[in-house]
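K.L.:
Encoded as structure tokens, here's the structure I'll be asking about.
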Amino acid sequence: MSAVGKNLPHDSAQGHVSGESIYIDDIPPMRGELLVDFYYVPVSHARVKNVDLSAAWQVAGIVGLYTYKDIPGHNMFGPITADEVLLVEEEIEFMGQPLVIIAAENAAAIKKAKKAIKVDYEKLDAILTIDEAKACQSFIGPVRRIKRGSPVEAFLEAEHVIEGTFRNEGQDHFYLESQAAIVYPGECDQLVIHSSTQAPSEIQDVVAHLLGLKMSQVVCITKRMGGGFGGKESQGAHPAAMAALVALKTKRATRIVYNKDHDMQVTGKRHPFQNDYKVAFSSDGRISALRIELFSDGGAANDLSSAVMARAMCHSDNAYFIPHIEVSGTVCKTHFPPNTAFRGFGGPQGVATIENIIEEIAAYLNKDSLEIRKLNLYGTKDRNVTPYGQFIQENSLPEIVEQLEQSSDYRQRQEEIQRFNSESLTHLKGLGISLVKFGISFNTKFLNQGNALVNIYLDGTVQVSTGATEMGQGVNTNIKQLVAGEFDIDAEDVIVMATSTEKNNNTSATAASSATDLNGNAALNACKAIKQRLAPVAASHLASREIDMLPSPTTIVFENNEVYDYRRPGTRMTFKELVRKGYLERVSMGERGFYATDGIDFTWEAGPEKVASGNPFLYFTTGGAVCEVTIDRFTGETKVDRADILMDIGTPINPGIARGQIIGGFVQGLGWVTTEDLRYDEDGLLLSHSPTTYKIPNIQDTPPVLNVSWLDRPCAVNVKGSKAVGEPPLLLGISVWVAVKNALRHAAGTERIPELNLPATNEEVVMRLAEIDRDLPGNRSRKTLAGLSSSPAPGDESPKEEALPLEVPV
């Protein structure tokens, strides 16, 4: 009857559709509760000369105005490096950086106070691009390297060499619930914080640090988030700390909730990268050497940028064995809000770079890029060691490529697309494939730990508390099924409680796709300890008077809500009966479980080189996707016609949730590579900060044909044979971008494809088509088109009336 492996509904599914699920701003306000917001100067870089709050203090309803001078602890903080201030002291380093915290009885008073605050400042030059940061040598942390072999010598011996620069822009998290927190003050300066955060322990730590409190005085609770995607891993600390400061000062409950425009303008994003590459390869397409210099835009402070860069570097090989390789990573300091974690955590930026290189090699050699991928794929018996020295165990990539090639009808569709593009004057088609080899674990060793508290009650029901936070991804449902499966009771009898630092201390953020791995294992360890204590109780009550049936705890079986001795399966007791008997015999029905990932050991060598080596990951989640797109030659509008996804995700704990994560991740990746365009003005002001100007994928952007499957293969080293599936599918969205590039290759013919930036928005595609049109000899990309205004849509061959001739790029 085990609940593991079943398609049980998400534990909040009914609450979500009925409106009963509680988010931060759904919690009713307490009597005397204050609203909290903050004021910032709309400039990216400036020196503050004077702050005048006198007029703002006169606004009716204003209770408090706080500057950095009012912080009782330390104003400087950060998850890796303490290099960010909560409140500006003398220098504004990004647009949206808090200067004054405002506490008021109502929102109208806050609005008036913001207008009344007067700040005298001197505007300074702002660094707003990676190129500007490189020119100014404005960096965060050291340059780090991963190196294997002798790339310099390999380049000298190469048949072919290509160099280029690949650019990808950022991405907004666009969670439906913005950053939010409520703080309740208690006696002895204790604070209880309800936060929409992926990292309750970090909220606890940061608030205590900033306010000069002990961590034991602060409790952080997270019931759920309305989305997170990494944007609430570290940046939820800012609003929580501001609300906590006011609560500590006023001894009143406080609430802070960003609106969508505000949230997008002041929070960090996925890191933009600008990567210089040089690749050596043979005439058949085998890569012999690769050098990549990764440059990311970290924003004004480190936040998680150095860790994001480390993962980007570890994923720059992706699915391909490269004998001679050197990857360097440099985080640029600019005057944008500090960029932060985002689903994939640097992995997408590294993978997109090597996938682009594969496409460039294929175009250069006039070969199908699938052949280049197969030639360079990691092997199963050899060619299976990463540049940082980790062996790839249970490598399923060759099998995935072989199956995907067949199931997607790749060869036949390539021929059909070639034929379509030779005939259509209005549209282009492209077919793209991309792969993913995503490492599972935190790159930082000490973060790979989790704890859980399991309590059984007298009626046989169970409460579970872990450090994992639910943001819609289904981690609570997975843990519920693991616990129910261990006791072999109904999943309905298990409830996963709100995450609280009071119950689960010193927890890692719900990130790195590891929440189920870490916290699920910890919960299982707690369950096993309780079963060991209950087994003797069951043995004594189930024992036979026969001489060969003495009590034996090792022969007790928990199955289908019952407990029995396998030597006498006909004599049974219910799980509930066993719990009550255990209680009467004074057996503890509660247990704390702990889990630490074995085999994780990854270091950056000391010294100027900072070269990495070791095993940063417990295992790899792998997969591939084949996507077909149709592009309007006039507008650049891109439609994804079909997507075929195949992954190795082990044996899912909940197949339905795993499927949802694959589809959701893929669509979010699709948005990153096509439609989600962050636009700033020349002063660093974000212009696309709402659903009207920032386009996440909608239902029309998803492929009408979407095939999702996975290999039937348990993982040998992870909980119940499962593999993490939170982040890896997002990287398969890159296949859509590859398909767009493939379409441009059809348009370019034998000429080299122009560098296609990411995202490949409609505008980007049109500009690349225009570039192809200009570069082709004799202007061969322009054809005279008769009947354009009534030309048949793809697949529609009915005759149309003739119209005036026009010239279009093809």
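Following the order of the structure tokens, chains are lettered A, B, ..., residues in each are numbered from 1, and ligands are numbered from 1.
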Would you mind listing what lies within 6 Å of range 411-427 of chain A as a list in words, with only C-alpha atoms counted and same-chain residues fewer than 3 positions away left out?
P.N.:
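Returned residues: Ile631, Asp632 and Arg633 of chain A.
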K.L.:
Within 12 Å of Lys6 in chain A, counting only C-alpha atoms, which residues qualify if same-chain residues fewer than 4 places away don't, as a short mmCIF file (atom, residue, chain, number, x, y, z; two decimals) with all heavy atoms, in the first residue's frame?
P.N.:
data_model
loop_
_atom_site.label_atom_id
_atom_site.label_comp_id
_atom_site.auth_asym_id
_atom_site.auth_seq_id
_atom_site.Cartn_x
_atom_site.Cartn_y
_atom_site.Cartn_z
N MET A 1 0.82 -1.21 0.00
CA MET A 1 0.00 0.00 0.00
C MET A 1 0.85 1.26 0.00
O MET A 1 0.34 2.36 -0.02
CB MET A 1 -0.90 0.00 1.24
CG MET A 1 -1.96 1.10 1.25
SD MET A 1 -2.59 1.44 2.90
CE MET A 1 -1.30 2.43 3.60
N SER A 2 2.15 1.12 -0.01
CA SER A 2 3.03 2.26 0.20
C SER A 2 2.60 3.48 -0.63
O SER A 2 2.28 3.36 -1.81
CB SER A 2 4.47 1.89 -0.15
OG SER A 2 5.30 3.02 -0.04
N HIS A 10 -1.52 17.22 -4.79
CA HIS A 10 -0.73 18.19 -4.02
C HIS A 10 -1.48 18.49 -2.72
O HIS A 10 -2.70 18.65 -2.72
CB HIS A 10 -0.56 19.46 -4.85
CG HIS A 10 0.41 20.45 -4.29
ND1 HIS A 10 0.17 21.17 -3.14
CD2 HIS A 10 1.64 20.85 -4.72
CE1 HIS A 10 1.18 21.98 -2.89
NE2 HIS A 10 2.09 21.79 -3.84
N THR A 477 4.19 17.43 -0.11
CA THR A 477 3.50 16.22 -0.54
C THR A 477 4.48 15.07 -0.65
O THR A 477 4.18 13.93 -0.24
CB THR A 477 2.80 16.46 -1.89
OG1 THR A 477 1.97 17.61 -1.79
CG2 THR A 477 1.96 15.26 -2.29
N ASN A 478 5.66 15.33 -1.18
CA ASN A 478 6.69 14.28 -1.25
C ASN A 478 7.05 13.77 0.13
O ASN A 478 7.15 12.55 0.36
CB ASN A 478 7.94 14.83 -1.93
CG ASN A 478 7.82 14.91 -3.44
OD1 ASN A 478 6.97 14.26 -4.04
ND2 ASN A 478 8.68 15.70 -4.05
N LYS A 480 5.27 13.99 2.90
CA LYS A 480 4.10 13.28 3.43
C LYS A 480 4.09 11.84 2.93
O LYS A 480 3.87 10.89 3.71
CB LYS A 480 2.82 13.98 3.00
CG LYS A 480 1.56 13.18 3.30
CD LYS A 480 0.35 13.74 2.58
CE LYS A 480 -0.21 14.93 3.29
NZ LYS A 480 -1.56 15.29 2.81
N GLN A 481 4.33 11.63 1.64
CA GLN A 481 4.30 10.29 1.08
C GLN A 481 5.45 9.44 1.60
O GLN A 481 5.29 8.24 1.82
CB GLN A 481 4.32 10.36 -0.45
CG GLN A 481 3.01 10.89 -1.02
CD GLN A 481 2.99 10.93 -2.54
OE1 GLN A 481 2.82 11.99 -3.13
NE2 GLN A 481 3.15 9.79 -3.18
N LEU A 482 6.61 10.05 1.79
CA LEU A 482 7.74 9.30 2.35
C LEU A 482 7.44 8.81 3.76
O LEU A 482 7.71 7.65 4.10
CB LEU A 482 9.00 10.17 2.35
CG LEU A 482 9.65 10.44 0.99
CD1 LEU A 482 10.75 11.49 1.13
CD2 LEU A 482 10.22 9.16 0.39
N ALA A 484 4.42 8.50 5.23
CA ALA A 484 3.32 7.53 5.18
C ALA A 484 3.82 6.19 4.67
O ALA A 484 3.43 5.13 5.17
CB ALA A 484 2.20 8.06 4.27
N GLY A 485 4.73 6.23 3.70
CA GLY A 485 5.27 4.99 3.16
C GLY A 485 6.12 4.24 4.16
O GLY A 485 6.12 3.00 4.20
N ASP A 490 -2.06 5.40 5.74
CA ASP A 490 -2.68 6.27 4.74
C ASP A 490 -2.01 7.64 4.75
O ASP A 490 -1.76 8.22 5.82
CB ASP A 490 -4.17 6.44 5.04
CG ASP A 490 -4.95 5.14 4.89
OD1 ASP A 490 -4.52 4.30 4.08
OD2 ASP A 490 -5.97 4.97 5.58
N ALA A 491 -1.78 8.18 3.57
CA ALA A 491 -1.16 9.50 3.47
C ALA A 491 -2.04 10.57 4.11
O ALA A 491 -1.55 11.59 4.59
CB ALA A 491 -0.88 9.84 2.02
N THR A 651 13.13 7.14 -9.87
CA THR A 651 11.76 6.69 -9.62
C THR A 651 11.05 7.76 -8.82
O THR A 651 11.33 7.94 -7.63
CB THR A 651 11.75 5.36 -8.83
OG1 THR A 651 12.50 4.38 -9.55
CG2 THR A 651 10.33 4.87 -8.63
N PRO A 652 10.15 8.53 -9.41
CA PRO A 652 9.55 9.67 -8.71
C PRO A 652 8.75 9.24 -7.48
O PRO A 652 8.07 8.21 -7.50
CB PRO A 652 8.63 10.29 -9.77
CG PRO A 652 9.12 9.78 -11.08
CD PRO A 652 9.68 8.42 -10.81
N ILE A 653 8.85 10.03 -6.43
CA ILE A 653 8.03 9.80 -5.24
C ILE A 653 6.57 10.04 -5.56
O ILE A 653 5.69 9.31 -5.10
CB ILE A 653 8.51 10.71 -4.10
CG1 ILE A 653 9.94 10.34 -3.69
CG2 ILE A 653 7.57 10.63 -2.89
CD1 ILE A 653 10.61 11.35 -2.80
N ASN A 654 6.30 11.06 -6.38
CA ASN A 654 4.95 11.36 -6.84
C ASN A 654 5.05 11.68 -8.33
O ASN A 654 5.47 12.78 -8.69
CB ASN A 654 4.36 12.53 -6.06
CG ASN A 654 2.91 12.81 -6.44
OD1 ASN A 654 2.56 12.90 -7.60
ND2 ASN A 654 2.06 12.96 -5.42
N PRO A 655 4.70 10.76 -9.21
CA PRO A 655 4.86 11.00 -10.65
C PRO A 655 4.12 12.22 -11.16
O PRO A 655 4.62 12.93 -12.04
CB PRO A 655 4.30 9.71 -11.29
CG PRO A 655 4.44 8.67 -10.23
CD PRO A 655 4.22 9.39 -8.93
N GLY A 656 2.95 12.51 -10.61
CA GLY A 656 2.20 13.68 -11.06
C GLY A 656 2.91 14.98 -10.73
O GLY A 656 2.98 15.89 -11.56
N ILE A 657 3.45 15.06 -9.53
CA ILE A 657 4.20 16.26 -9.14
C ILE A 657 5.47 16.38 -9.97
O ILE A 657 5.85 17.47 -10.41
CB ILE A 657 4.50 16.24 -7.63
CG1 ILE A 657 3.22 16.57 -6.86
CG2 ILE A 657 5.62 17.20 -7.27
CD1 ILE A 657 3.37 16.54 -5.36
N ALA A 658 6.14 15.26 -10.22
CA ALA A 658 7.35 15.29 -11.05
C ALA A 658 7.02 15.79 -12.45
O ALA A 658 7.75 16.62 -13.02
CB ALA A 658 7.98 13.90 -11.11
#
K.L.:
Please provide the set of residues having any atom within 8 Å of Lys723 in chain A, restricted to only C-alpha atoms, with same-chain residues fewer than 4 positions apart removed, written as a list in words.
P.N.:
Thr621, Asp648, Ile649, Gly650, Thr651, Pro652, Cys715, Asn718 and Val719 of chain A
K.L.:
Write a file of the just-selected residues containing N, CA, C and O atoms, as a PDB file, in the first residue's frame.
P.N.:
ATOM      1  N   THR A 621      21.007  14.870 -12.480  1.00  0.00           N
ATOM      2  CA  THR A 621      19.747  14.669 -13.184  1.00  0.00           C
ATOM      3  C   THR A 621      19.974  15.068 -14.634  1.00  0.00           C
ATOM      4  O   THR A 621      20.464  16.166 -14.913  1.00  0.00           O
ATOM      5  N   ASP A 648      15.922  11.579 -17.126  1.00  0.00           N
ATOM      6  CA  ASP A 648      16.220  10.543 -16.148  1.00  0.00           C
ATOM      7  C   ASP A 648      16.032  11.162 -14.777  1.00  0.00           C
ATOM      8  O   ASP A 648      16.898  11.893 -14.285  1.00  0.00           O
ATOM      9  N   ILE A 649      14.879  10.897 -14.172  1.00  0.00           N
ATOM     10  CA  ILE A 649      14.568  11.465 -12.857  1.00  0.00           C
ATOM     11  C   ILE A 649      14.414  10.359 -11.812  1.00  0.00           C
ATOM     12  O   ILE A 649      13.731  10.540 -10.798  1.00  0.00           O
ATOM     13  N   GLY A 650      15.050   9.206 -12.081  1.00  0.00           N
ATOM     14  CA  GLY A 650      14.943   8.109 -11.143  1.00  0.00           C
ATOM     15  C   GLY A 650      13.523   7.586 -11.072  1.00  0.00           C
ATOM     16  O   GLY A 650      12.786   7.585 -12.056  1.00  0.00           O
ATOM     17  N   THR A 651      13.128   7.137  -9.872  1.00  0.00           N
ATOM     18  CA  THR A 651      11.760   6.685  -9.621  1.00  0.00           C
ATOM     19  C   THR A 651      11.052   7.765  -8.816  1.00  0.00           C
ATOM     20  O   THR A 651      11.327   7.938  -7.628  1.00  0.00           O
ATOM     21  N   PRO A 652      10.154   8.526  -9.414  1.00  0.00           N
ATOM     22  CA  PRO A 652       9.553   9.668  -8.713  1.00  0.00           C
ATOM     23  C   PRO A 652       8.755   9.235  -7.476  1.00  0.00           C
ATOM     24  O   PRO A 652       8.072   8.207  -7.498  1.00  0.00           O
ATOM     25  N   CYS A 715      17.391   5.688  -8.957  1.00  0.00           N
ATOM     26  CA  CYS A 715      18.703   6.236  -8.614  1.00  0.00           C
ATOM     27  C   CYS A 715      19.251   5.467  -7.415  1.00  0.00           C
ATOM     28  O   CYS A 715      18.561   5.310  -6.400  1.00  0.00           O
ATOM     29  N   ASN A 718      19.949   7.962  -3.920  1.00  0.00           N
ATOM     30  CA  ASN A 718      19.053   8.970  -3.349  1.00  0.00           C
ATOM     31  C   ASN A 718      17.791   8.322  -2.783  1.00  0.00           C
ATOM     32  O   ASN A 718      17.482   7.158  -3.055  1.00  0.00           O
ATOM     33  N   VAL A 719      17.050   9.124  -2.046  1.00  0.00           N
ATOM     34  CA  VAL A 719      15.910   8.649  -1.283  1.00  0.00           C
ATOM     35  C   VAL A 719      14.889   7.955  -2.175  1.00  0.00           C
ATOM     36  O   VAL A 719      14.400   8.521  -3.149  1.00  0.00           O
TER      37      VAL A 719
END
K.L.:
Rank A:Phe620, A:Val626, A:Val266, A:Ser688 by their smallest atom-to-atom distance to Gln393 in chain A, using only C-alpha atoms, and report the top residue only.
P.N.:
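Counting only C-alpha atoms, the residue closest to Gln393 in chain A is A:Phe620.
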K.L.:
Taking only range 191-226 of chain A into account, list the residues labelled strand (DSSP E) by DSSP (computed from the backbone), as a PDB file with N, CA and C atoms, in the first residue's frame.
P.N.:
ATOM      1  N   LEU A 191      10.692  38.125  18.879  1.00  0.00           N
ATOM      2  CA  LEU A 191       9.960  38.427  17.658  1.00  0.00           C
ATOM      3  C   LEU A 191       9.544  37.128  16.978  1.00  0.00           C
ATOM      4  N   VAL A 192       8.313  37.086  16.502  1.00  0.00           N
ATOM      5  CA  VAL A 192       7.829  35.983  15.669  1.00  0.00           C
ATOM      6  C   VAL A 192       7.544  36.561  14.286  1.00  0.00           C
ATOM      7  N   ILE A 193       8.235  36.042  13.290  1.00  0.00           N
ATOM      8  CA  ILE A 193       8.148  36.570  11.926  1.00  0.00           C
ATOM      9  C   ILE A 193       7.475  35.548  11.025  1.00  0.00           C
ATOM     10  N   HIS A 194       6.421  35.948  10.361  1.00  0.00           N
ATOM     11  CA  HIS A 194       5.823  35.138   9.307  1.00  0.00           C
ATOM     12  C   HIS A 194       6.339  35.715   7.990  1.00  0.00           C
ATOM     13  N   SER A 195       7.099  34.912   7.270  1.00  0.00           N
ATOM     14  CA  SER A 195       7.790  35.432   6.088  1.00  0.00           C
ATOM     15  C   SER A 195       7.546  34.540   4.883  1.00  0.00           C
ATOM     16  N   VAL A 218      14.404  35.131  18.108  1.00  0.00           N
ATOM     17  CA  VAL A 218      13.692  35.319  16.842  1.00  0.00           C
ATOM     18  C   VAL A 218      13.203  33.976  16.326  1.00  0.00           C
ATOM     19  N   VAL A 219      11.942  33.916  15.983  1.00  0.00           N
ATOM     20  CA  VAL A 219      11.353  32.730  15.354  1.00  0.00           C
ATOM     21  C   VAL A 219      10.808  33.143  13.999  1.00  0.00           C
ATOM     22  N   CYS A 220      11.136  32.370  12.988  1.00  0.00           N
ATOM     23  CA  CYS A 220      10.599  32.620  11.643  1.00  0.00           C
ATOM     24  C   CYS A 220       9.736  31.439  11.221  1.00  0.00           C
ATOM     25  N   ILE A 221       8.540  31.733  10.725  1.00  0.00           N
ATOM     26  CA  ILE A 221       7.582  30.715  10.295  1.00  0.00           C
ATOM     27  C   ILE A 221       7.226  30.951   8.833  1.00  0.00           C
ATOM     28  N   THR A 222       7.228  29.877   8.060  1.00  0.00           N
ATOM     29  CA  THR A 222       6.806  29.946   6.659  1.00  0.00           C
ATOM     30  C   THR A 222       5.804  28.825   6.410  1.00  0.00           C
TER      31      THR A 222
END
K.L.:
Report the closest atom pair, with its distance in Å rounded to one decimal, for each residue of range 494-519 of chain A that has an atom no farther than 9 Å from range 453-466 of chain A; count only C-alpha atoms, sort by chain and then rising residue number, and write it as a tab-separated table.
P.N.:
residue	atom	partner	partner_atom	distance
A:Val494	CA	A:Val462	CA	4.7
A:Ile495	CA	A:Gln463	CA	5.0
A:Val496	CA	A:Val464	CA	4.7
A:Met497	CA	A:Ser465	CA	5.3
A:Ala498	CA	A:Ser465	CA	7.0
A:Thr499	CA	A:Thr466	CA	6.2
A:Ser500	CA	A:Ser465	CA	7.9
A:Lys503	CA	A:Ser465	CA	6.9
A:Asn504	CA	A:Thr466	CA	6.0
A:Thr507	CA	A:Thr466	CA	8.6
A:Asn519	CA	A:Thr466	CA	6.1
K.L.:
Please report the interatomic distance between CA of Tyr595 in chain A and CA of Lys528 in chain A in Å with one decimal.
P.N.:
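Between these atoms lies a distance of 12.6 Å.
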K.L.:
Which residues are close to Ile62 in chain A, i.e. within 10 Å by only C-alpha atoms, leaving aside same-chain residues fewer than 5 positions away? Reply as a PyMOL selection string.
P.N.:
chain A and resi 34-35+56-57+102-110+112-113
